[in-house]
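S.K.: Attaching a single structure in structure tokens format; questions to follow.
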Amino acid sequence: MRSPLLPLALVALLAGCSGREAAPTAAAAPADPIAVEVAAPSLEERPLVLALDGTLLADEDSRVTSTVPGRVVETLVERGQRVEEGDPIVRLRDVDYRLQARAARAQVDQARARLGMGEGGAAPRPEDTPEVRAAQTDLELAEANLRRAEELARRGALSQQALEQSRATAASARDRHQSAVNGTRGALASLEAARASLAQAATATREATVRAPFAGEIAERSVSVGEYVGPQTPLVTLVRTDPLRLSLSVPQQHLLAVRPGQPVSVRVDAVPDRVFAGTVRYVSAAVDRSTRSLTVEAVVPNGDGLLRPGLFASARIETGGTQQMLVVPPSAVLSRAGVDRVFVIDGDVVAERVVTVASRTDDERYVIQEGLEPGERVAASSLDQLSDGARVSTSDVAEVSAAAGPDGAGVEE
């Protein structure tokens, strides 16, 4: 007969074995501290800087259209192509405009022939045309005959019938003269109308080739060969990228600190290692009611074409005053995804802090505007191994001054 106590003994034995195997896992050894160098931020008198964020805009942004309608027969540019002012962009069918110009030229020649004008001559006065001069001569002769007839009639040497005939001849001569003058004036008006039609047709022929209104780059081509376009149809989008404008919103409390002519330091994430110099040029005349901010535009030269419209940019404007600010070496700042961080040492652990960098000094040190307090110490090495709450060891590592560079130069004992 099997004893009932045997299963209980086996369960107790298995439970004891499981407890002895789990004990080492529960008491895992702590991670070794990370050795770091330490930097003590220095408090320095720095220029008072207004830190702002904005967007780069094209100096000119135009949706180029044609002044005349027509069918596209040739496109001469592509997206990204640079053009100079006056370069052809799109050509439209101009056959009709050239025919209109020929017809207008024929009308001009006809009007000139009626006026007896030579090629390239100026338009004559009505009294100088052959038709009017002939009518004037007939008029003068008829009036002279009338005067003689009247004199003879007073002497009784001429009948009343002959006198009336002389008067009728003089009146007819005056009418012919006036008609010649009026006809000449009409011919001159026709000449001016024909010249206007010729100029309009010639202009339309020239405008059938659409040209760049200013130097810049083609951002978009909106038409293709075969399309019929009108004066309101966008053909290309042309932007001027040198210089660029940086649009900034300045809080109203800093209204008096910004003025035209101030230098602006500009940084963009696309070119992180370069600072672009700009100048405040335009300051809005009014504060926006909804945001209580003032719109300011800075002009940023872009001769090398590194910057593009639409890029987000960080700007620094020196307002003329000074303030006490903390300065740390570049090895103490970790920059990732546009966010700057430092690791403040508190005993044997570090606390991660997000900081605002106001600017960089000539020796590439970081000027901290927010996020760090005087007297705090920060890690200056092994930042890529650190995280918030990580244990560190600094007992056997020299302390780095705020003037130290990325290679650890300037280490003090």
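By order of appearance in the structure tokens: chains A, B, ..., then residues from 1 within every chain, and ligands from 1 in the order shown.
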Per DSSP on the backbone, what are the strand (DSSP E) residues of range 135-339 of chain A, as JSON, numbers by chain?
M.R.: {"A": [209, 210, 211, 216, 217, 218, 219, 220, 221, 228, 229, 234, 235, 236, 237, 238, 239, 240, 241, 242, 243, 244, 245, 246, 247, 248, 249, 250, 251, 263, 264, 265, 266, 267, 268, 271, 272, 273, 274, 275, 276, 277, 278, 279, 280, 281, 282, 283, 293, 294, 295, 296, 297, 298, 299, 300, 312, 313, 314, 315, 316, 317, 318, 319, 320, 321, 322, 323, 324, 325, 326, 327, 328, 334, 335, 336, 339]}
S.K.: Excluding Ser335 in chain A and any residue of its chain fewer than 5 positions from it, enumerate the residues within 12 Å of it, using only C-alpha atoms, and give them as JSON, numbers by chain.
M.R.: {"A": [269, 272, 330, 340, 341, 342, 343, 353, 354, 355, 356, 357, 366, 383, 384]}
S.K.: Write a file of the just-selected residues containing C-alpha atoms, as a short mmCIF file (atom, residue, chain, number, x, y, z; two decimals), in the first residue's frame.
M.R.:
data_model
loop_
_atom_site.label_atom_id
_atom_site.label_comp_id
_atom_site.auth_asym_id
_atom_site.auth_seq_id
_atom_site.Cartn_x
_atom_site.Cartn_y
_atom_site.Cartn_z
CA ASP A 269 18.44 72.68 -39.90
CA PRO A 272 23.41 73.09 -39.38
CA PRO A 330 30.36 72.39 -27.26
CA ASP A 340 19.51 70.86 -27.61
CA ARG A 341 20.06 68.94 -24.35
CA VAL A 342 22.52 68.93 -21.46
CA PHE A 343 22.98 66.43 -18.61
CA ARG A 353 17.57 69.05 -19.50
CA VAL A 354 16.30 70.65 -22.67
CA VAL A 355 18.00 74.03 -23.11
CA THR A 356 17.57 77.03 -25.39
CA VAL A 357 20.78 78.05 -27.14
CA TYR A 366 27.19 77.57 -26.56
CA LEU A 383 26.78 62.23 -23.87
CA ASP A 384 25.60 59.63 -26.36
#
S.K.: Could you give me, as a list of chain:residue names, the residues within 12 Å of Pro251 in chain A, counting only C-alpha atoms and dropping anything in the same chain fewer than 4 positions from it?
M.R.: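 Counting only C-alpha atoms, the residues come to A:Leu50, A:Ala51, A:Leu52, A:Asp53, A:Leu255, A:Leu256, A:Ala257, A:Val258, A:Val287, A:Asp288, A:Arg289, A:Ser290, A:Thr291, A:Arg292, A:Ser293, A:Leu294, A:Thr295, A:Val296.
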S.K.: May I have the residues within 10 Å of Ser382 in chain A as a list in words, using only C-alpha atoms and disregarding those fewer than 2 positions away in the same chain?
M.R.: Ile34, Ala35, Val36, Glu37, Ser331, Ala332, Ala379, Ala380, Asp384, Gln385 and Leu386 of chain A
S.K.: Applying 9 Å and only C-alpha atoms, which residues near Glu376 in chain A remain after dropping the ones on its own chain fewer than 4 positions away? List them as a PDB file with C-alpha atoms, in the first residue's frame.
M.R.:
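What landed in result23.pdb:
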ATOM      1  CA  ALA A  40      31.209  74.107 -14.834  1.00  0.00           C
ATOM      2  CA  PRO A  41      29.290  76.685 -16.926  1.00  0.00           C
ATOM      3  CA  VAL A 344      23.137  68.088 -15.194  1.00  0.00           C
ATOM      4  CA  ILE A 345      25.170  66.131 -12.633  1.00  0.00           C
ATOM      5  CA  ASP A 346      23.461  65.649  -9.265  1.00  0.00           C
ATOM      6  CA  LEU A 372      20.383  75.815 -16.923  1.00  0.00           C
TER       7      LEU A 372
END
S.K.: For a quick check of understanding, using only C-alpha atoms, which of A:Ala31, A:Ala193, A:Ala106, A:Val77 has the smallest distance to Glu220 in chain A?
M.R.: A:Val77
S.K.: Considering only C-alpha atoms, return as a PyMOL selection string whatever protein or nucleic-acid residues lie within 8 Å of Gly261 in chain A, sequence-local ones (same chain, fewer than 5 positions apart) excluded.
M.R.: chain A and resi 279-281
S.K.: Emit the selected residues as a tab-separated table (two decimals), in the first residue's frame, including N, CA and C atoms.
M.R.:
chain	number	residue	atom	x	y	z
A	279	THR	N	19.84	91.14	-42.52
A	279	THR	CA	19.60	92.50	-42.04
A	279	THR	C	18.11	92.76	-41.97
A	280	VAL	N	17.67	93.33	-40.85
A	280	VAL	CA	16.27	93.74	-40.74
A	280	VAL	C	16.02	94.88	-41.72
A	281	ARG	N	15.04	94.70	-42.60
A	281	ARG	CA	14.77	95.74	-43.59
A	281	ARG	C	13.35	96.28	-43.49
S.K.: Would you please give, as number ranges by chain, all residues of range 54-213 of chain A that DSSP assigns to helix (DSSP H, G or I) based on the backbone?
M.R.: A: 95-114, 126-128, 130-155, 160-207
S.K.: Name all residues at most 8 Å from range 304-312 of chain A (count only C-alpha atoms; drop same-chain ones fewer than 5 positions away) and give them as a list in words.
M.R.: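 The filter keeps Asp53, Gly54, Thr55, Leu56, Leu57, Ala58, Thr241, Asp242, Leu244, Val268, Asp269 and Val271 of chain A.
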